[in-house]
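Okay, entry13.cif now, which holds mmCIF, C-alpha atoms:
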data_data
loop_
_atom_site.label_atom_id
_atom_site.label_comp_id
_atom_site.auth_asym_id
_atom_site.auth_seq_id
_atom_site.Cartn_x
_atom_site.Cartn_y
_atom_site.Cartn_z
CA MET A 263 -114.94 20.73 296.37
CA VAL A 264 -117.85 19.66 298.60
CA ASP A 265 -119.31 22.38 300.83
CA ILE A 266 -120.80 21.39 304.20
CA ARG A 267 -123.59 23.74 305.28
CA GLU A 268 -127.09 23.93 306.71
CA VAL A 269 -129.92 22.61 304.59
CA PRO A 270 -132.77 25.13 304.26
CA GLU A 271 -136.37 24.03 304.54
CA ALA A 272 -136.73 24.61 300.81
CA ASP A 273 -134.31 21.70 300.21
CA ILE A 274 -136.06 19.12 302.41
CA ASP A 275 -137.68 17.40 299.44
CA ARG A 276 -134.27 17.15 297.77
CA ALA A 277 -132.88 15.62 300.95
CA LEU A 278 -135.71 13.09 301.00
CA GLU A 279 -135.09 12.12 297.38
CA LEU A 280 -131.44 11.52 298.21
CA ALA A 281 -132.37 9.42 301.25
CA TYR A 282 -134.88 7.34 299.26
CA LEU A 283 -132.20 6.77 296.59
CA VAL A 284 -129.62 5.63 299.14
CA PHE A 285 -132.01 3.44 301.17
CA HIS A 286 -133.75 1.99 298.09
CA ASP A 287 -137.11 3.26 299.24
CA ARG A 288 -140.19 4.69 297.55
CA PRO A 289 -142.75 5.55 300.22
CA GLU A 290 -146.34 6.54 299.56
CA LYS A 291 -147.53 10.14 299.70
CA GLU A 292 -148.65 9.99 303.34
CA ALA A 293 -145.29 8.67 304.53
CA ARG A 294 -143.43 11.28 302.45
CA GLU A 295 -145.48 14.00 304.08
CA ARG A 296 -144.63 12.64 307.55
CA HIS A 297 -140.95 12.53 306.65
CA HIS A 298 -141.10 16.12 305.43
CA GLU A 299 -142.74 17.28 308.66
CA LEU A 300 -140.18 15.34 310.69
CA LEU A 301 -137.21 16.91 308.90
CA ALA A 302 -138.74 20.36 309.26
CA ARG A 303 -138.40 19.91 313.03
CA CYS A 304 -134.79 18.65 312.87
CA ASP A 305 -131.39 20.27 312.57
CA ARG A 306 -130.21 19.63 309.01
CA ILE A 307 -126.71 19.59 307.52
CA GLY A 308 -125.92 18.87 303.89
CA ALA A 309 -122.97 18.35 301.60
CA TYR A 310 -123.26 20.32 298.36
CA ASP A 311 -121.22 19.74 295.22
CA GLY A 312 -122.02 22.97 293.43
CA ASP A 313 -125.81 23.10 293.50
CA ALA A 314 -126.22 19.34 293.93
CA LEU A 315 -127.05 17.94 297.37
CA VAL A 316 -124.80 14.86 297.65
CA GLY A 317 -124.89 14.16 301.38
CA PHE A 318 -127.34 14.77 304.18
CA MET A 319 -127.75 14.34 307.91
CA ALA A 320 -130.51 15.42 310.29
CA ALA A 321 -130.73 15.44 314.07
CA HIS A 322 -133.76 15.25 316.35
CA ASP A 323 -133.68 17.59 319.33
CA PHE A 324 -133.96 14.86 321.98
CA ARG A 325 -133.38 14.60 325.68
CA LEU A 326 -132.01 11.19 326.68
CA SER A 327 -132.32 9.50 330.07
CA VAL A 328 -128.92 8.65 331.53
CA PRO A 329 -128.26 7.31 335.04
CA GLY A 330 -129.53 10.01 337.41
CA ALA A 331 -130.07 12.67 334.75
CA ASP A 332 -131.76 13.69 331.53
CA LEU A 333 -129.37 15.20 328.97
CA PRO A 334 -129.83 17.08 325.69
CA CYS A 335 -128.89 14.64 322.95
CA PRO A 336 -129.14 15.08 319.17
CA GLY A 337 -130.57 11.93 317.62
CA LEU A 338 -129.05 11.46 314.17
CA THR A 339 -131.28 10.29 311.35
CA PHE A 340 -131.54 10.21 307.54
CA VAL A 341 -127.75 9.93 307.24
CA CYS A 342 -126.97 9.39 303.57
CA VAL A 343 -124.35 10.01 300.86
CA ALA A 344 -125.03 9.87 297.13
CA PRO A 345 -123.57 6.76 295.45
CA THR A 346 -121.55 9.08 293.17
CA HIS A 347 -119.74 10.64 296.16
CA ARG A 348 -118.92 7.70 298.42
CA ARG A 349 -115.41 7.40 299.86
CA ARG A 350 -114.69 11.08 299.29
CA GLY A 351 -114.92 12.29 302.89
CA VAL A 352 -118.54 13.44 302.66
CA LEU A 353 -119.79 11.47 305.66
CA THR A 354 -116.73 12.50 307.69
CA GLY A 355 -117.42 16.15 306.92
CA LEU A 356 -121.08 15.87 307.86
CA MET A 357 -120.37 13.94 311.05
CA THR A 358 -117.58 16.26 312.18
CA ARG A 359 -119.72 19.36 311.65
CA MET A 360 -122.66 17.88 313.53
CA MET A 361 -120.55 16.65 316.46
CA ARG A 362 -118.73 19.95 316.92
CA ARG A 363 -121.92 21.94 316.56
CA ALA A 364 -123.67 19.85 319.22
CA ALA A 365 -120.74 19.95 321.65
CA ASP A 366 -120.38 23.72 321.24
CA SER A 367 -124.07 24.19 322.04
CA GLY A 368 -123.86 22.31 325.35
CA ARG A 369 -125.10 18.90 324.23
CA PRO A 370 -122.60 16.41 325.72
CA ILE A 371 -123.85 13.25 324.01
CA ALA A 372 -125.32 12.19 320.66
CA ALA A 373 -127.14 9.03 319.60
CA LEU A 374 -128.23 7.10 316.53
CA TRP A 375 -129.52 3.75 315.29
CA ALA A 376 -127.05 2.25 312.85
CA SER A 377 -128.33 0.99 309.52
CA GLU A 378 -124.84 -0.49 309.03
CA ALA A 379 -123.02 -1.26 312.26
CA ALA A 380 -119.57 -1.15 310.66
CA ILE A 381 -119.81 2.56 309.86
CA TYR A 382 -120.21 4.48 313.08
CA GLY A 383 -117.56 3.04 315.37
CA ARG A 384 -114.91 4.97 313.50
CA PHE A 385 -116.69 8.19 314.49
CA GLY A 386 -116.57 7.28 318.18
CA TYR A 387 -120.05 5.77 318.56
CA GLY A 388 -120.38 2.69 320.75
CA GLY A 389 -123.28 0.26 321.02
CA ALA A 390 -124.80 1.31 324.36
CA THR A 391 -128.07 -0.66 324.56
CA THR A 392 -129.28 -4.08 323.47
CA GLY A 393 -132.71 -5.02 322.17
CA ALA A 394 -134.36 -8.41 322.07
CA THR A 395 -137.23 -9.88 320.07
CA VAL A 396 -139.51 -11.95 322.26
CA GLU A 397 -142.13 -14.35 320.88
CA ILE A 398 -145.00 -16.00 322.76
CA ASP A 399 -146.81 -19.10 321.56
CA SER A 400 -150.35 -17.93 322.31
CA THR A 401 -152.16 -20.99 320.96
CA ARG A 402 -152.58 -21.82 324.66
CA PRO A 403 -152.98 -19.61 327.75
CA LEU A 404 -149.83 -17.84 328.88
CA ALA A 405 -148.36 -19.74 331.82
CA LEU A 406 -147.15 -17.44 334.60
CA ARG A 407 -145.29 -17.92 337.87
CA ILE A 408 -146.82 -14.81 339.48
CA ASP A 409 -150.38 -13.59 339.92
CA PRO A 410 -151.37 -10.86 337.47
CA ASP A 411 -152.77 -7.57 338.74
CA ARG A 412 -156.56 -7.92 338.53
CA ARG A 413 -157.46 -4.25 338.40
CA PRO A 414 -159.55 -3.31 335.34
CA LEU A 415 -158.19 -3.23 331.77
CA ARG A 416 -159.66 -0.79 329.28
CA LEU A 417 -159.12 0.26 325.68
CA VAL A 418 -158.06 3.84 324.95
CA ASP A 419 -158.83 5.64 321.71
CA PRO A 420 -155.60 6.45 319.84
CA GLU A 421 -156.78 10.07 319.62
CA ASP A 422 -156.70 10.26 323.42
CA ALA A 423 -153.69 8.02 323.97
CA VAL A 424 -150.97 10.66 324.28
CA ASP A 425 -152.79 12.39 327.15
CA VAL A 426 -153.42 9.06 328.91
CA ILE A 427 -150.16 7.15 328.43
CA GLY A 428 -147.71 9.98 327.64
CA PRO A 429 -147.18 11.04 331.29
CA PHE A 430 -146.72 7.40 332.34
CA HIS A 431 -144.08 6.90 329.65
CA GLU A 432 -142.26 10.08 330.64
CA ALA A 433 -142.11 8.98 334.28
CA ALA A 434 -141.07 5.42 333.34
CA ARG A 435 -138.18 6.46 331.12
CA ALA A 436 -136.45 8.19 334.04
CA GLY A 437 -136.05 4.77 335.63
CA ARG A 438 -134.18 3.21 332.71
CA PRO A 439 -131.21 4.85 330.94
CA GLY A 440 -131.09 5.21 327.18
CA ARG A 441 -134.63 6.44 326.48
CA PRO A 442 -135.38 9.62 324.52
CA GLY A 443 -138.36 11.75 325.41
CA ARG A 444 -141.28 11.89 323.00
CA SER A 445 -142.97 15.00 321.72
CA PRO A 446 -146.68 14.86 320.83
CA GLU A 447 -145.62 14.89 317.16
CA ARG A 448 -143.39 11.86 317.67
CA TRP A 449 -146.16 9.98 319.41
CA ARG A 450 -148.49 10.77 316.53
CA ASP A 451 -146.10 10.15 313.64
CA GLU A 452 -144.07 7.20 314.92
CA TRP A 453 -146.17 5.25 317.43
CA LEU A 454 -149.83 5.92 316.74
CA THR A 455 -150.12 6.20 312.95
CA GLU A 456 -153.26 4.64 311.50
CA GLN A 457 -151.23 2.52 309.07
CA ASP A 458 -147.93 0.92 309.91
CA GLU A 459 -145.29 2.17 307.49
CA GLU A 460 -143.51 -1.18 307.18
CA ASP A 461 -146.47 -3.58 307.09
CA GLU A 462 -149.78 -2.38 305.67
CA GLU A 463 -151.49 -5.65 306.65
CA LEU A 464 -151.28 -4.74 310.33
CA SER A 465 -154.26 -3.17 312.07
CA PRO A 466 -154.28 0.36 313.43
CA PRO A 467 -152.71 0.69 316.89
CA ARG A 468 -154.67 -0.60 319.87
CA ILE A 469 -153.95 0.73 323.35
CA ILE A 470 -154.93 -1.08 326.55
CA VAL A 471 -154.28 0.45 329.97
CA LEU A 472 -154.57 -1.06 333.44
CA GLY A 473 -155.88 0.76 336.51
CA ASP A 474 -158.97 1.62 338.51
CA PRO A 475 -161.26 4.25 336.95
CA GLY A 476 -160.37 7.75 338.10
CA GLU A 477 -156.91 6.66 339.26
CA PRO A 478 -153.56 7.07 337.45
CA ILE A 479 -152.85 4.15 335.15
CA ALA A 480 -150.40 1.47 336.30
CA GLY A 481 -149.30 0.37 332.84
CA TYR A 482 -150.19 0.13 329.17
CA VAL A 483 -149.58 -1.86 326.02
CA ILE A 484 -149.61 -0.67 322.41
CA TYR A 485 -150.15 -3.42 319.86
CA ARG A 486 -151.29 -4.14 316.31
CA THR A 487 -152.77 -7.33 314.91
CA LYS A 488 -152.65 -9.28 311.66
CA PRO A 489 -155.27 -11.88 310.74
CA GLU A 490 -154.58 -15.56 310.16
CA ASP A 491 -153.26 -16.48 306.73
CA ASP A 492 -154.42 -19.90 305.61
CA ALA A 493 -153.50 -19.50 301.95
CA GLY A 494 -151.06 -22.01 300.52
CA ALA A 495 -149.65 -25.07 302.20
CA ALA A 496 -148.50 -23.41 305.44
CA ARG A 497 -151.05 -21.81 307.75
CA THR A 498 -149.85 -18.71 309.61
CA PRO A 499 -151.75 -17.99 312.83
CA GLY A 500 -153.07 -14.54 313.64
CA LEU A 501 -150.34 -12.25 314.96
CA VAL A 502 -150.23 -9.74 317.81
CA ARG A 503 -147.29 -7.37 317.40
CA VAL A 504 -146.52 -5.63 320.68
CA ASP A 505 -144.92 -2.26 319.98
CA GLU A 506 -144.56 -1.17 323.60
CA LEU A 507 -145.48 -2.47 327.03
CA GLU A 508 -144.84 -0.43 330.18
CA ALA A 509 -145.76 -1.41 333.72
CA ASP A 510 -144.97 -0.13 337.18
CA THR A 511 -144.92 -3.61 338.79
CA PRO A 512 -144.29 -7.17 337.58
CA ALA A 513 -147.91 -8.02 338.34
CA VAL A 514 -149.12 -5.25 336.03
CA ALA A 515 -146.77 -6.47 333.30
CA ALA A 516 -148.09 -10.01 333.77
CA ALA A 517 -151.68 -8.81 333.36
CA LEU A 518 -150.87 -6.95 330.14
CA TRP A 519 -148.91 -9.85 328.63
CA GLU A 520 -151.70 -12.25 329.61
CA CYS A 521 -154.21 -9.96 327.91
CA VAL A 522 -152.45 -9.73 324.54
CA ALA A 523 -151.65 -13.46 324.58
CA ALA A 524 -155.37 -14.23 325.01
CA LEU A 525 -156.69 -12.19 322.06
CA ASP A 526 -159.13 -14.20 319.97
CA LEU A 527 -158.13 -15.49 316.50
CA THR A 528 -154.40 -15.12 317.17
CA GLY A 529 -151.71 -17.67 317.89
CA LYS A 530 -148.50 -15.72 318.20
CA VAL A 531 -147.30 -12.60 320.03
CA SER A 532 -144.15 -10.90 318.75
CA ALA A 533 -142.48 -8.07 320.65
CA TRP A 534 -139.51 -6.43 318.96
CA GLY A 535 -137.02 -4.32 320.88
CA ARG A 536 -137.67 -5.55 324.40
CA PRO A 537 -135.02 -5.03 327.10
CA ALA A 538 -132.63 -7.92 327.58
CA ASP A 539 -133.64 -8.06 331.26
CA ASP A 540 -137.39 -8.04 330.59
CA PRO A 541 -139.12 -9.47 333.71
CA LEU A 542 -141.35 -11.54 331.40
CA LEU A 543 -138.37 -13.81 330.77
CA HIS A 544 -138.32 -14.69 334.47
CA PHE A 545 -142.00 -14.81 335.43
CA ALA A 546 -143.04 -16.84 332.36
CA ALA A 547 -143.59 -20.38 333.65
CA ASP A 548 -142.66 -22.09 330.36
CA ARG A 549 -139.64 -20.75 328.48
CA ASP A 550 -140.54 -22.97 325.55
CA GLN A 551 -143.67 -20.84 325.26
CA VAL A 552 -141.80 -17.51 325.68
CA ARG A 553 -138.60 -17.37 323.64
CA VAL A 554 -135.98 -14.76 322.73
CA THR A 555 -135.60 -15.15 318.98
CA ALA A 556 -133.14 -12.32 318.30
CA GLN A 557 -130.80 -9.99 320.17
CA PHE A 558 -129.16 -6.94 318.59
CA PRO A 559 -127.32 -3.68 319.28
CA ALA A 560 -129.86 -0.87 319.47
CA LEU A 561 -128.90 2.68 320.51
CA TRP A 562 -125.40 3.83 319.57
CA LEU A 563 -124.00 6.60 321.77
CA ARG A 564 -121.27 9.20 321.26
CA LEU A 565 -119.69 11.21 324.09
CA LEU A 566 -119.15 14.67 322.58
CA ASP A 567 -118.00 16.34 325.79
CA VAL A 568 -116.55 13.60 327.99
CA PRO A 569 -116.09 15.70 331.15
CA ALA A 570 -119.66 17.05 330.97
CA ALA A 571 -121.11 13.60 330.25
CA LEU A 572 -119.27 11.82 333.07
CA THR A 573 -119.96 14.47 335.71
CA ALA A 574 -123.68 14.69 334.77
CA ARG A 575 -124.56 11.05 335.41
CA SER A 576 -124.93 9.35 338.80
CA TRP A 577 -122.54 6.71 340.11
CA ALA A 578 -123.37 3.53 342.02
CA ALA A 579 -120.11 3.15 343.96
CA PRO A 580 -116.97 5.17 344.73
CA VAL A 581 -114.17 5.00 342.16
CA GLU A 582 -110.95 6.91 341.55
CA LEU A 583 -108.98 6.09 338.40
CA VAL A 584 -106.79 7.72 335.80
CA LEU A 585 -108.25 7.16 332.33
CA GLU A 586 -106.24 7.57 329.14
CA VAL A 587 -108.89 8.40 326.53
CA HIS A 588 -108.31 8.40 322.77
CA ASP A 589 -110.56 10.48 320.52
CA ALA A 590 -109.45 10.92 316.91
CA ARG A 591 -112.41 13.16 315.99
CA LEU A 592 -112.74 15.51 318.98
CA PRO A 593 -109.22 16.02 320.37
CA ASP A 594 -110.39 18.04 323.40
CA ASN A 595 -111.63 14.72 324.82
CA ALA A 596 -108.24 13.03 324.43
CA GLY A 597 -105.63 12.76 327.15
CA ARG A 598 -105.19 11.47 330.69
CA PHE A 599 -107.83 12.37 333.22
CA ARG A 600 -108.48 11.53 336.85
CA LEU A 601 -112.06 10.38 337.37
CA LYS A 602 -113.17 10.62 340.99
CA ALA A 603 -116.79 9.61 341.34
CA GLY A 604 -119.30 8.20 343.78
CA PRO A 605 -122.88 8.49 345.01
CA HIS A 606 -122.37 12.19 345.76
CA GLY A 607 -121.10 13.24 342.32
CA ALA A 608 -118.00 13.19 340.15
CA THR A 609 -115.00 15.22 339.05
CA TYR A 610 -112.95 14.67 335.91
CA ARG A 611 -109.70 16.60 335.52
CA HIS A 612 -106.43 16.38 333.59
CA ALA A 613 -103.93 14.11 335.32
CA ASP A 614 -100.23 13.35 335.23
CA GLY A 615 -98.70 9.98 335.86
CA PRO A 616 -99.60 6.52 334.59
CA ALA A 617 -103.09 5.52 333.51
CA ASP A 618 -105.09 2.79 335.20
CA LEU A 619 -107.15 2.16 332.04
CA ALA A 620 -106.59 3.15 328.40
CA LEU A 621 -109.56 3.15 326.04
CA ASP A 622 -111.05 4.79 323.00
CA VAL A 623 -114.00 7.14 323.39
CA ARG A 624 -116.04 4.51 321.52
CA GLU A 625 -115.60 2.01 324.35
CA LEU A 626 -116.28 4.67 326.97
CA ALA A 627 -119.55 5.48 325.20
CA ALA A 628 -120.54 1.81 325.12
CA CYS A 629 -120.11 1.59 328.89
CA TYR A 630 -121.54 5.01 329.78
CA LEU A 631 -125.17 3.95 330.31
CA GLY A 632 -124.21 0.81 332.22
CA GLY A 633 -125.10 -1.68 329.50
CA THR A 634 -121.59 -2.86 328.60
CA ARG A 635 -119.06 -4.03 331.17
CA VAL A 636 -115.55 -2.63 331.01
CA THR A 637 -114.19 -6.02 332.08
CA GLU A 638 -115.73 -7.59 328.97
CA LEU A 639 -113.95 -5.05 326.77
CA VAL A 640 -110.66 -5.76 328.55
CA ALA A 641 -111.18 -9.46 327.82
CA ALA A 642 -111.86 -8.57 324.17
CA GLY A 643 -108.60 -6.61 323.91
CA LEU A 644 -110.40 -3.31 323.34
CA VAL A 645 -109.51 -1.71 326.70
CA GLN A 646 -106.05 -1.89 328.25
CA GLU A 647 -106.02 -2.44 332.02
CA HIS A 648 -102.72 -1.21 333.47
CA THR A 649 -103.79 -1.50 337.12
CA PRO A 650 -105.30 -4.85 338.12
CA GLY A 651 -108.89 -4.45 339.29
CA ALA A 652 -109.38 -1.05 337.66
CA ALA A 653 -111.93 -2.31 335.13
CA ALA A 654 -113.98 -4.09 337.81
CA ALA A 655 -113.95 -0.96 339.97
CA LEU A 656 -115.24 1.14 337.08
CA ASP A 657 -117.93 -1.46 336.34
CA ASP A 658 -119.13 -1.27 339.95
CA ALA A 659 -119.40 2.51 339.70
CA LEU A 660 -121.18 2.49 336.33
CA ARG A 661 -123.69 -0.22 337.30
CA THR A 662 -127.41 0.60 337.04
CA PRO A 663 -130.37 -1.21 338.69
CA VAL A 664 -131.76 -2.17 335.26
CA LEU A 665 -130.07 -2.44 331.89
CA PRO A 666 -130.25 0.58 329.59
CA HIS A 667 -132.76 0.13 326.82
CA THR A 668 -134.84 1.91 324.23
CA SER A 669 -137.25 0.81 321.54
CA ASP A 670 -137.37 4.33 320.04
CA GLU A 671 -135.84 3.73 316.64
CA PHE A 672 -135.19 6.92 314.70
#
Once you've parsed the file, please lay out its structure as structure tokens.
Amino acid sequence: MVDIREVPEADIDRALELAYLVFHDRPEKEARERHHELLARCDRIGAYDGDALVGFMAAHDFRLSVPGADLPCPGLTFVCVAPTHRRRGVLTGLMTRMMRRAADSGRPIAALWASEAAIYGRFGYGGATTGATVEIDSTRPLALRIDPDRRPLRLVDPEDAVDVIGPFHEAARAGRPGRPGRSPERWRDEWLTEQDEEDEELSPPRIIVLGDPGEPIAGYVIYRTKPEDDAGAARTPGLVRVDELEADTPAVAAALWECVAALDLTGKVSAWGRPADDPLLHFAADRDQVRVTAQFPALWLRLLDVPAALTARSWAAPVELVLEVHDARLPDNAGRFRLKAGPHGATYRHADGPADLALDVRELAACYLGGTRVTELVAAGLVQEHTPGAAAALDDALRTPVLPHTSDEF
């Protein structure tokens, strides 16, 4: 019988070996050391068959921006089950223990990035944000419809970057739901490593900030470059990979995009994980030059304590509905509840009588940050609307000024 219990620090290397087996990975020593340090800072739960570790799951201790609030949110990572123990309830045991443990400790939501999207819906996770890959043809100057901010640009040493751009990032994430906070360790190990873990041909990180000397910065960009490859029949132009670009105005964003698109000896800018409503897509003058080449589900969210989650966030418009919520994993969330919410707060209490909307906790999670419309899920047959107009009313109340988004993969 498999035993689900905490994984001591002494077993972290065993957990890593299991993860590398499952994900077909064999990282170098430096990456292994970073992974070990990361897991030492995480909550860890394992499945043991006798003395053998056959399943593992870790959770970052994050806080996640949600509309109007910042909530404690375990971020699941390194989820793996040995190939010898698949389809034996190991993942269900790990997930159930982690969800109940988080809910009991006052963390109303949990999040993850799905390596396989088909897995996590059955545990109540819904795709809550969308990412986009944007590419710029930088063989010619970037054409813009607005004037860029002409305050000075300057390079920042990666050693100093956290102190310079960290406060700006923390302030910016409050304005867009779905973004976890970053510890100094996460900045160092995930964003500012000397060598990129997935592509060793990329340069170290470069950081450019915009703003007058002595004044707070107005934006920044983190990028890496790869030189031109002219070997073989096809020439590949030099690449600029934008890892993150933050700006407090469209004009600042325009200046930063213009800067990276004008780097010498490069012909292409690629930015993975941009928000689907990135202003660049509107102020670019030539959409043949700036193209969205991929769009994908990013952050998956789970409501562990539905009443706490719904009453913690802000609401854009008044709404009063009876929701019939299904939750096969956490039955305390299941039942009929009257949601009464508006700009001054929300209540969520057990209700009698017919429901206006019936939905699974997975769909409620997908809509929670404002990135998925309830009306779309009704049209897809995933939410049942018993009272005409109920889905549209809930959409109006859930709406946020900008789409939820994160590029923090974990």
So which residues get picked by the PyMOL selection byres ((chain A and resi 631-633) around 7) here, written as a PyMOL selection string? chain A and resi 328-329+390-391+439-440+629-630+634-635+660-662+665-666
Tell me which residues come within 10 Å of (-148.4, -18.3, 339.3), as a PyMOL selection string, counting only C-alpha atoms in the file's coordinates. chain A and resi 405-410+516+545-547
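The residue that comes closest to A:Arg402, out of A:Ala608, A:Val483, A:Val264, A:Ala524 and on the basis of all atoms listed in the file, is A:Ala524.
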What are the nearest atom pairs, with distances in Å to one decimal, for all residues of stretch 312-371 of chain A that come at most 12 Å from stretch 447-452 of chain A, using only C-alpha atoms, set out by chain and rising residue number as JSON lines?
{"residue": "A:His322", "atom": "CA", "partner": "A:Arg448", "partner_atom": "CA", "distance": 10.3}
{"residue": "A:Asp323", "atom": "CA", "partner": "A:Arg448", "partner_atom": "CA", "distance": 11.4}
{"residue": "A:Phe324", "atom": "CA", "partner": "A:Arg448", "partner_atom": "CA", "distance": 10.8}
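Proximity to A:Arg435 was assessed for A:Ala570, A:Tyr282, A:His298, A:Ala509 counting all atoms listed in the file; the smallest distance is recorded for A:Ala509.
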Evaluate the PyMOL selection byres ((chain A and resi 562) around 8) here and jot the selected residues down as a list in words. Ala373, Leu374, Trp375, Ala376, Tyr387, Gly388, Gly389, Ala390, Thr391, Pro559, Ala560, Leu561, Leu563, Arg564 and Ala628 of chain A
Which residues are near A:Pro537? Cut-off 8 Å, only C-alpha atoms, ignore same chain within fewer than 4 positions. Put them as a list of chain:residue names. A:Thr392, A:Gly393, A:Ala394, A:Leu665, A:Pro666, A:His667, A:Thr668
Sphere at (-121.2, 22.3, 299.1), radius 9 Å, counting all atoms listed in the file: residues as a PyMOL selection string: chain A and resi 263-267+308-316
For this file, the PyMOL selection byres ((chain A and resi 525-535) around 10) selects which residues, as a ChimeraX atom specification? /A:392-402,485,487-490,498-507,519-524,536-538,551-560,667-671
All residues 8 Å or closer to A:Phe318, all atoms listed in the file, same chain fewer than 5 positions away omitted, as a PDB file with C-alpha atoms, in the frame of the given file:
ATOM      1  CA  ALA A 277    -132.880  15.620 300.950  1.00  0.00           C
ATOM      2  CA  LEU A 280    -131.440  11.520 298.210  1.00  0.00           C
ATOM      3  CA  ALA A 281    -132.370   9.420 301.250  1.00  0.00           C
ATOM      4  CA  ARG A 306    -130.210  19.630 309.010  1.00  0.00           C
ATOM      5  CA  ILE A 307    -126.710  19.590 307.520  1.00  0.00           C
ATOM      6  CA  GLY A 308    -125.920  18.870 303.890  1.00  0.00           C
ATOM      7  CA  ALA A 309    -122.970  18.350 301.600  1.00  0.00           C
ATOM      8  CA  PHE A 340    -131.540  10.210 307.540  1.00  0.00           C
ATOM      9  CA  VAL A 341    -127.750   9.930 307.240  1.00  0.00           C
ATOM     10  CA  CYS A 342    -126.970   9.390 303.570  1.00  0.00           C
ATOM     11  CA  VAL A 343    -124.350  10.010 300.860  1.00  0.00           C
ATOM     12  CA  LEU A 356    -121.080  15.870 307.860  1.00  0.00           C
TER      13      LEU A 356
END
Which neighbours of A:Gly428 fall inside 10 Å, counting all atoms listed in the file, when residues of the same chain fewer than 3 positions from it are skipped, and could you give them as a PyMOL selection string? chain A and resi 422-425+431-434+443-446+449
Selected residue, from A:Ala331, A:Val269, A:Ala578, A:Ala620, that lies nearest to A:Pro605 when counting all atoms listed in the file: A:Ala578
To one decimal place, how far is atom CA of A:Asp510 from atom CA of A:Gly437 in Å? 10.3 Å
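Compared by their closest atoms to A:Pro475, and using all atoms listed in the file, the residues A:Leu415, A:Leu626, A:Leu639, A:Ala320 rank with A:Leu415 nearest.
Residue nearest A:Thr455 within the list A:Ala321, A:Ala627, A:Met357, A:Ala293: A:Ala293 [criterion: smallest interatomic distance, only C-alpha atoms].
Shortest separation to A:Glu279 among A:Ala344, A:Ala579, A:Thr339, A:Asp594 occurs at residue A:Ala344, atoms counted being all atoms listed in the file.
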How many Å separate atom CA of A:Leu592 from atom CA of A:Leu566? 7.4 Å
Straight-line distance linking atom CA of A:Ala641 with atom CA of A:Val584, stated in Å to one decimal: 19.4 Å
Box along x, y and z, 5 Å on every side, all listed atoms of stretch 273-280 of chain A inside: centre and edge lengths in Å to one decimal, as lines of an AutoDock Vina configuration file.
center_x = -134.6
center_y = 16.6
center_z = 299.9
size_x = 16.2
size_y = 20.2
size_z = 15.0
